[in-house]
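Text of input-v6.txt (compact mmCIF, C-alpha atoms and all ligand atoms) as supplied:
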```txt
# COMPACT_ATOMS: atom_id res chain seq x y z
CA MET A 736 105.60 95.83 82.40
CA ASP A 737 105.30 95.87 86.20
CA LEU A 738 106.33 99.40 87.23
CA GLY A 739 107.31 98.21 90.70
CA ILE A 740 105.33 100.86 92.60
CA SER A 741 102.31 98.92 93.85
CA GLY A 742 101.51 99.94 97.46
CA LYS A 743 103.34 103.26 97.22
CA LYS A 744 101.57 106.56 97.96
CA ALA A 745 101.37 109.55 95.61
CA LEU A 746 100.19 113.13 95.87
CA VAL A 747 98.81 114.21 92.49
CA CYS A 748 97.98 117.93 92.47
CA ALA A 749 95.19 119.44 90.35
CA SER A 750 93.88 116.00 89.44
CA SER A 751 90.07 115.98 89.23
CA LYS A 752 90.29 116.49 85.46
CA GLY A 753 92.68 116.70 82.54
CA LEU A 754 96.35 115.76 82.66
CA GLY A 755 96.48 115.48 86.47
CA ARG A 756 93.55 113.06 86.35
CA GLY A 757 95.36 111.05 83.66
CA CYS A 758 98.40 110.78 85.95
CA ALA A 759 96.25 109.81 88.95
CA GLU A 760 94.52 107.06 86.96
CA ALA A 761 97.75 105.65 85.52
CA LEU A 762 99.33 105.50 88.99
CA ALA A 763 96.19 103.93 90.49
CA ALA A 764 96.29 101.30 87.72
CA GLU A 765 99.73 100.35 89.08
CA GLY A 766 98.34 99.94 92.62
CA VAL A 767 99.51 103.33 93.94
CA ASN A 768 97.37 104.86 96.73
CA LEU A 769 96.54 108.49 96.10
CA VAL A 770 96.05 111.91 97.60
CA MET A 771 94.08 113.83 94.97
CA ASN A 772 93.46 117.57 94.84
CA ALA A 773 91.45 120.23 93.04
CA ARG A 774 89.64 123.41 94.09
CA GLY A 775 86.16 122.16 93.21
CA ALA A 776 85.13 119.55 95.81
CA GLU A 777 82.30 118.05 93.80
CA ALA A 778 84.27 117.03 90.71
CA LEU A 779 87.14 115.91 92.95
CA GLU A 780 84.89 113.54 94.94
CA VAL A 781 83.41 112.12 91.73
CA ALA A 782 86.89 111.53 90.27
CA ALA A 783 88.13 109.91 93.49
CA ALA A 784 85.10 107.61 93.74
CA GLU A 785 85.55 106.50 90.11
CA ILE A 786 89.22 105.70 90.70
CA VAL A 787 88.51 103.77 93.92
CA GLU A 788 85.85 101.73 92.15
CA LYS A 789 87.96 101.04 89.04
CA PHE A 790 91.35 100.32 90.64
CA GLY A 791 90.63 99.41 94.28
CA VAL A 792 93.33 101.73 95.68
CA SER A 793 92.77 104.11 98.60
CA VAL A 794 92.20 107.77 97.69
CA GLU A 795 92.24 110.75 100.05
CA THR A 796 90.94 114.07 98.72
CA ILE A 797 91.94 117.60 99.64
CA ALA A 798 89.80 120.29 98.03
CA CYS A 799 91.97 123.41 98.01
CA ASP A 800 93.83 125.84 95.79
CA VAL A 801 97.33 124.35 95.49
CA THR A 802 98.79 127.75 94.63
CA THR A 803 97.97 129.21 98.08
CA LYS A 804 99.98 128.79 101.28
CA GLU A 805 96.88 127.40 103.08
CA GLY A 806 96.31 124.90 100.28
CA GLN A 807 99.94 123.77 100.31
CA ASP A 808 99.87 123.37 104.11
CA ALA A 809 96.75 121.18 103.90
CA LEU A 810 98.29 119.02 101.16
CA ILE A 811 101.62 118.68 102.97
CA ALA A 812 99.86 117.62 106.19
CA THR A 813 97.97 114.80 104.47
CA ALA A 814 100.74 113.82 102.09
CA SER A 815 103.65 114.05 104.53
CA ASP A 816 104.68 110.43 103.84
CA VAL A 817 104.27 110.21 100.06
CA ASP A 818 106.72 108.32 97.86
CA ILE A 819 105.62 110.10 94.69
CA LEU A 820 104.79 113.76 94.05
CA VAL A 821 103.17 114.98 90.82
CA THR A 822 102.96 118.78 90.81
CA ASN A 823 100.38 120.53 88.69
CA ALA A 824 98.12 123.62 88.68
CA GLY A 825 96.13 125.55 86.12
CA GLY A 826 98.13 127.51 83.56
CA PRO A 827 98.30 131.32 83.39
CA PRO A 828 95.96 133.15 80.98
CA PRO A 829 97.07 133.98 77.42
CA GLY A 830 97.68 137.57 76.31
CA VAL A 831 100.19 139.95 74.79
CA TRP A 832 103.55 140.94 76.29
CA SER A 833 102.41 144.54 76.81
CA ASP A 834 99.36 143.39 78.87
CA TRP A 835 101.31 141.94 81.76
CA ASP A 836 102.36 143.85 84.84
CA ARG A 837 104.31 142.84 87.93
CA ASP A 838 101.26 141.38 89.68
CA ASP A 839 100.51 139.12 86.71
CA PHE A 840 104.07 137.79 86.81
CA ILE A 841 103.99 137.28 90.59
CA LYS A 842 100.75 135.30 90.23
CA ALA A 843 102.18 133.13 87.45
CA LEU A 844 105.45 132.56 89.31
CA ASP A 845 103.52 131.63 92.46
CA ALA A 846 101.32 129.13 90.63
CA ASN A 847 103.71 127.50 88.19
CA MET A 848 107.15 127.89 89.78
CA LEU A 849 107.01 128.58 93.53
CA THR A 850 104.15 126.14 94.26
CA PRO A 851 105.98 123.06 92.92
CA ILE A 852 109.17 124.27 94.64
CA ALA A 853 107.32 124.61 97.99
CA LEU A 854 105.89 121.09 97.66
CA MET A 855 109.28 119.61 96.76
CA THR A 856 110.95 121.46 99.63
CA ALA A 857 108.41 120.01 102.07
CA LEU A 858 108.10 116.45 100.74
CA VAL A 859 111.50 115.49 99.28
CA PRO A 860 113.34 115.31 102.66
CA GLN A 861 111.24 112.36 103.87
CA MET A 862 111.76 110.66 100.47
CA ILE A 863 115.50 111.07 101.03
CA ASP A 864 115.13 109.54 104.52
CA LYS A 865 113.38 106.52 102.96
CA GLY A 866 115.98 106.30 100.17
CA TRP A 867 113.34 106.29 97.42
CA GLY A 868 111.20 108.97 95.83
CA ARG A 869 109.92 110.30 92.53
CA VAL A 870 108.82 113.80 91.56
CA VAL A 871 107.25 114.66 88.21
CA ASN A 872 106.41 118.30 87.53
CA ILE A 873 103.85 118.93 84.81
CA THR A 874 105.30 121.89 82.91
CA SER A 875 104.77 122.64 79.21
CA GLN A 876 106.09 122.38 75.68
CA SER A 877 106.51 126.15 76.03
CA VAL A 878 109.72 125.55 78.02
CA LYS A 879 111.36 124.11 74.89
CA ALA A 880 109.70 126.32 72.29
CA PRO A 881 107.95 129.48 73.52
CA ILE A 882 104.25 129.98 72.84
CA PRO A 883 104.09 133.76 72.29
CA ALA A 884 100.58 134.24 73.74
CA LEU A 885 101.61 132.35 76.88
CA GLY A 886 104.45 134.61 78.00
CA LEU A 887 103.51 134.26 81.67
CA SER A 888 103.67 130.48 81.36
CA ASN A 889 106.91 130.56 79.32
CA ALA A 890 108.57 132.62 82.05
CA ALA A 891 107.34 130.77 85.15
CA ARG A 892 107.86 127.26 83.82
CA THR A 893 111.34 128.02 82.54
CA GLY A 894 112.22 129.23 86.04
CA LEU A 895 110.99 125.95 87.52
CA THR A 896 112.96 124.01 84.92
CA GLY A 897 116.17 125.77 85.91
CA TYR A 898 115.51 124.99 89.58
CA VAL A 899 114.84 121.32 88.83
CA ALA A 900 117.98 121.00 86.70
CA GLY A 901 120.16 121.81 89.69
CA THR A 902 118.09 120.30 92.50
CA ALA A 903 117.55 116.96 90.76
CA ARG A 904 121.31 116.49 90.71
CA GLN A 905 121.61 117.30 94.41
CA VAL A 906 119.16 114.58 95.45
CA ALA A 907 119.76 111.90 92.79
CA GLY A 908 122.31 110.08 94.93
CA LYS A 909 119.70 109.67 97.69
CA GLY A 910 117.31 107.61 95.56
CA VAL A 911 115.07 110.55 94.69
CA ASN A 912 114.48 111.35 91.02
CA ILE A 913 113.02 114.69 89.93
CA ASN A 914 111.99 115.21 86.31
CA ASN A 915 109.59 117.34 84.29
CA LEU A 916 106.91 116.21 81.86
CA MET A 917 106.15 118.76 79.12
CA PRO A 918 102.72 118.52 77.51
CA GLY A 919 102.06 119.78 74.01
CA ILE A 920 98.42 120.15 73.04
CA HIS A 921 96.20 117.63 74.82
CA ALA A 922 92.42 117.30 74.66
CA THR A 923 91.44 118.79 78.04
CA ASP A 924 89.45 121.82 79.26
CA ARG A 925 92.67 123.87 78.99
CA ALA A 926 92.87 123.03 75.26
CA VAL A 927 89.25 124.15 74.82
CA SER A 928 90.04 127.47 76.50
CA LEU A 929 93.08 128.00 74.23
CA ASP A 930 90.97 127.07 71.15
CA THR A 931 88.41 129.63 72.36
CA ASN A 932 91.10 132.29 72.72
CA LEU A 933 92.33 131.64 69.15
CA SER A 934 88.81 131.69 67.74
CA LYS A 935 88.09 135.07 69.40
CA GLN A 936 91.47 136.52 68.44
CA GLN A 937 91.13 135.59 64.74
CA GLY A 938 87.34 135.82 64.42
CA ILE A 939 87.08 132.16 63.37
CA SER A 940 84.83 129.34 64.58
CA MET A 941 85.86 126.91 67.32
CA GLU A 942 86.06 124.13 64.69
CA GLU A 943 88.43 126.25 62.58
CA ALA A 944 90.55 127.06 65.64
CA PHE A 945 90.72 123.35 66.51
CA GLU A 946 91.70 122.47 62.92
CA GLN A 947 94.32 125.22 62.83
CA ARG A 948 95.95 124.00 66.05
CA THR A 949 95.69 120.34 64.97
CA LYS A 950 97.62 121.19 61.79
CA THR A 951 100.61 122.20 63.96
CA ILE A 952 100.87 118.62 65.26
CA PRO A 953 102.56 116.03 63.00
CA ALA A 954 100.63 113.25 64.77
CA GLY A 955 97.50 114.93 63.37
CA ARG A 956 95.55 115.03 66.63
CA TYR A 957 95.56 116.29 70.20
CA GLY A 958 97.12 113.99 72.83
CA THR A 959 95.01 112.23 75.44
CA SER A 960 95.21 112.39 79.23
CA ALA A 961 95.61 108.60 79.28
CA GLU A 962 98.74 108.78 77.09
CA PHE A 963 100.11 111.55 79.27
CA GLY A 964 99.35 109.60 82.46
CA ALA A 965 101.10 106.49 81.14
CA MET A 966 104.33 108.43 80.60
CA CYS A 967 104.00 110.03 84.03
CA ALA A 968 103.56 106.60 85.66
CA PHE A 969 106.71 105.33 83.95
CA MET A 970 108.66 108.36 85.20
CA CYS A 971 107.38 107.55 88.73
CA SER A 972 108.32 103.88 88.37
CA ASP A 973 111.12 101.87 89.86
CA HIS A 974 112.60 101.65 86.32
CA ALA A 975 113.19 105.40 86.13
CA GLY A 976 115.93 105.51 88.76
CA PHE A 977 118.58 106.64 86.24
CA MET A 978 116.47 109.51 84.86
CA VAL A 979 117.64 112.72 86.53
CA GLY A 980 116.54 116.30 85.80
CA GLN A 981 115.13 115.49 82.39
CA ASN A 982 112.41 117.26 80.43
CA VAL A 983 110.23 114.78 78.58
CA LEU A 984 108.27 116.28 75.70
CA LEU A 985 104.89 114.76 74.74
CA ASP A 986 103.67 116.88 71.84
CA GLY A 987 102.91 114.63 68.87
CA GLY A 988 106.01 116.03 67.14
CA ALA A 989 104.83 119.66 67.26
CA THR A 990 108.19 121.04 68.40
CA ASN A 991 110.33 120.91 65.27
CA ALA A 992 113.71 120.11 66.79
CA THR A 993 116.29 117.34 66.34
CA ILE A 994 116.86 116.86 70.07
P1 LIG B 1001 92.58 121.33 82.90
O1 LIG B 1001 91.94 120.35 81.97
O2 LIG B 1001 92.07 122.72 82.90
O3 LIG B 1001 92.54 120.66 84.35
C1 LIG B 1001 92.80 121.36 85.39
C2 LIG B 1001 92.66 120.49 86.65
O4 LIG B 1001 93.44 121.15 87.59
C3 LIG B 1001 91.24 120.39 87.19
O5 LIG B 1001 91.11 119.22 87.95
C4 LIG B 1001 91.18 121.63 88.08
O6 LIG B 1001 90.16 121.50 89.06
C5 LIG B 1001 92.59 121.58 88.68
N1 LIG B 1001 93.11 122.88 89.09
C6 LIG B 1001 93.29 123.99 88.32
N2 LIG B 1001 93.82 124.97 89.06
C7 LIG B 1001 93.98 124.48 90.31
C8 LIG B 1001 94.48 125.03 91.52
N3 LIG B 1001 94.92 126.29 91.58
N4 LIG B 1001 94.52 124.24 92.62
C9 LIG B 1001 94.10 122.97 92.57
N5 LIG B 1001 93.61 122.39 91.45
C10 LIG B 1001 93.55 123.15 90.33
O7 LIG B 1001 94.15 121.54 82.58
P2 LIG B 1001 95.14 120.50 81.87
O8 LIG B 1001 94.97 120.59 80.40
O9 LIG B 1001 95.03 119.19 82.53
O10 LIG B 1001 96.54 121.18 82.16
C11 LIG B 1001 97.32 120.89 83.28
C12 LIG B 1001 98.56 121.79 83.24
O11 LIG B 1001 99.28 121.52 82.02
C13 LIG B 1001 98.22 123.28 83.20
O12 LIG B 1001 99.17 124.01 83.93
C14 LIG B 1001 98.31 123.63 81.72
O13 LIG B 1001 98.63 124.98 81.52
C15 LIG B 1001 99.46 122.71 81.30
N6 LIG B 1001 99.43 122.45 79.87
C16 LIG B 1001 98.34 121.91 79.28
C17 LIG B 1001 98.35 121.69 77.92
C18 LIG B 1001 97.13 121.13 77.22
O14 LIG B 1001 97.08 121.17 75.99
N7 LIG B 1001 96.17 120.58 77.90
C19 LIG B 1001 99.48 122.02 77.16
C20 LIG B 1001 100.58 122.56 77.79
C21 LIG B 1001 100.55 122.78 79.16
P3 LIG B 1001 89.50 122.82 89.74
O15 LIG B 1001 89.21 123.77 88.62
O16 LIG B 1001 88.28 122.29 90.43
O17 LIG B 1001 90.50 123.34 90.69
```

Take the structure in the file and write it out as structure tokens.
Amino acid sequence: MDLGISGKKALVCASSKGLGRGCAEALAAEGVNLVMNARGAEALEVAAAEIVEKFGVSVETIACDVTTKEGQDALIATASDVDILVTNAGGPPPGVWSDWDRDDFIKALDANMLTPIALMTALVPQMIDKGWGRVVNITSQSVKAPIPALGLSNAARTGLTGYVAGTARQVAGKGVNINNLMPGIHATDRAVSLDTNLSKQQGISMEEAFEQRTKTIPAGRYGTSAEFGAMCAFMCSDHAGFMVGQNVLLDGGATNATI
């Protein structure tokens, strides 16, 4: 299927590795030119060079922390004309409800709610002017079914989801579609860190932690960044113009719900 986005330009945040990288690659495969971002410049340059070589698109790189005002300003300056925005950042640390104080919540809200809102606020108006735009926010399965150890994530991402539900409907008539993509467990560095947390918490090996988490997934395995990227690319495509304010769950069936 031709996604109809060849020649468009996308900002993909937090994209040197993991799910962001999967989204960047899937968009590049469709001929989309990229602005890629991560904090670590070295891995970012390697990822960008690999994508340029494999797909022949142009890639600009901005090494910065997307959750800071300075980082957002740098991204907005380079990506001021993008057609597609994929928001992403690292997830908050796991813990127990009684561990978290106000500062922990402010940090999580900044990273996983206010950062995507700031980028949308800056970049959606020019999409509206052009009459075409797509935004995909990488959120989490935890919006649909809470993950108790990830209370900071549950809270911040649910706040973003509420914002998107209303905002997506305000801009839909202008050709701009905003939706969220909710990952369940995918095989990335983040999954390794959550396996590590479980293994420490329960005094079990990493292999046992991996097996325990795999058992929660009816598909019987962790998802891949490539699968995640393919769904993201479709949501950024010309075919997704009737998808407004939706939350698409990619979790191998882990969330046991009818709808
Ligand atoms: P990952 O494998 O840890 O990848 C993180 C990527 O984001 C790297 O390129 C990293 O590069 C970049 N990054 C992290 N923090 C950043 C920041 N503040 N500014 C700019 N770039 C940043 O994570 P992932 O698994 O792809 O997860 C992506 C998002 O989905 C996270 O919010 C995670 O919580 C959420 N999620 C993941 C899963 C899963 O199973 N993988 C499940 C549910 C939700 P640098 O470190 O160099 O900055």

Subject >> Residue contacts of Leu762 of chain A (10 Å, all atoms listed in the file) excluding same-chain residues fewer than 5 positions away, as a ChimeraX atom specification >> reply: /A:738,740-741,743-745,747,756-757,767-769,790,792,819,964-965,967-969,971-972

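Using only C-alpha atoms and all ligand atoms for every distance, the candidate list A:Asp864, A:Glu765, A:Glu946, A:Asp924 yields A:Asp924 as the residue closest to ligand LIG 1001 (chain B).
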
Original post:
Which residues form the shell of 7 Å around ligand LIG 1001 (chain B) when you count all atoms listed in the file, given as a PyMOL selection string?
Top reply: chain A and resi 748-756+772-776+778-779+799-802+823-827+873-876+917-926

**OP:** Give me the residues within 12 Å of Pro881 of chain A as a VMD selection string, counting all atoms listed in the file and dropping any in the same chain fewer than 4 places off.
**Re:** chain A and resid 875 to 877 885 to 893 919 990

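Atom CA of Pro829 of chain A sits 19.5 Å away from atom CA of Glu942 of chain A.
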
Subject >> Pick from A:Ile882, A:Leu895, A:Leu854, A:Asp818, whichever lies nearest to Gly866 of chain A using only C-alpha atoms >> reply: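 The closest residue to Gly866 of chain A is A:Asp818.
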
Subject >> Long-range neighbours of segment 930-933 of chain A as a ChimeraX atom specification, 8 Å cut-off, all atoms listed in the file, 5 positions minimum in chain >> reply: /A:829,939,941,944-945,948

**OP:** Considering all atoms listed in the file, state which residue in the set A:Gly976, A:Gly868, A:Gly988, A:Gly955 is at the smallest distance from Val911 of chain A.
**Re:**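 Closest candidate: A:Gly868.
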
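Minimum atom-to-atom distances from A:Asn912, A:Ser928, A:Thr850, A:Thr813 to Pro828 of chain A were compared using all atoms listed in the file, and the lowest value belongs to A:Ser928.
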
Quick one: axis-aligned box around all listed atoms of segment 899-909 of chain A, 4 Å on every side, centre and edge lengths in Å to one decimal, written as AutoDock Vina command-line options.
```
--center_x 118.6 --center_y 115.7 --center_z 92.2 --size_x 15.5 --size_y 20.1 --size_z 19.0
```

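Minimum distance to Lys879 of chain A across A:Ile797, A:Leu929, A:Ala782, A:Leu916 (counting all atoms listed in the file) occurs at A:Leu916.
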
Subject >> Which residue of A:Ile786, A:Ala880, A:Leu984, A:Val871 approaches Val899 of chain A most closely, using only C-alpha atoms >> reply: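 So, comparing all the options, the nearest one is A:Val871.
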
Subject >> atom CA of Ala798 of chain A to atom CA of Val770 of chain A, distance in Å rounded to a single decimal >> reply: 10.5 Å
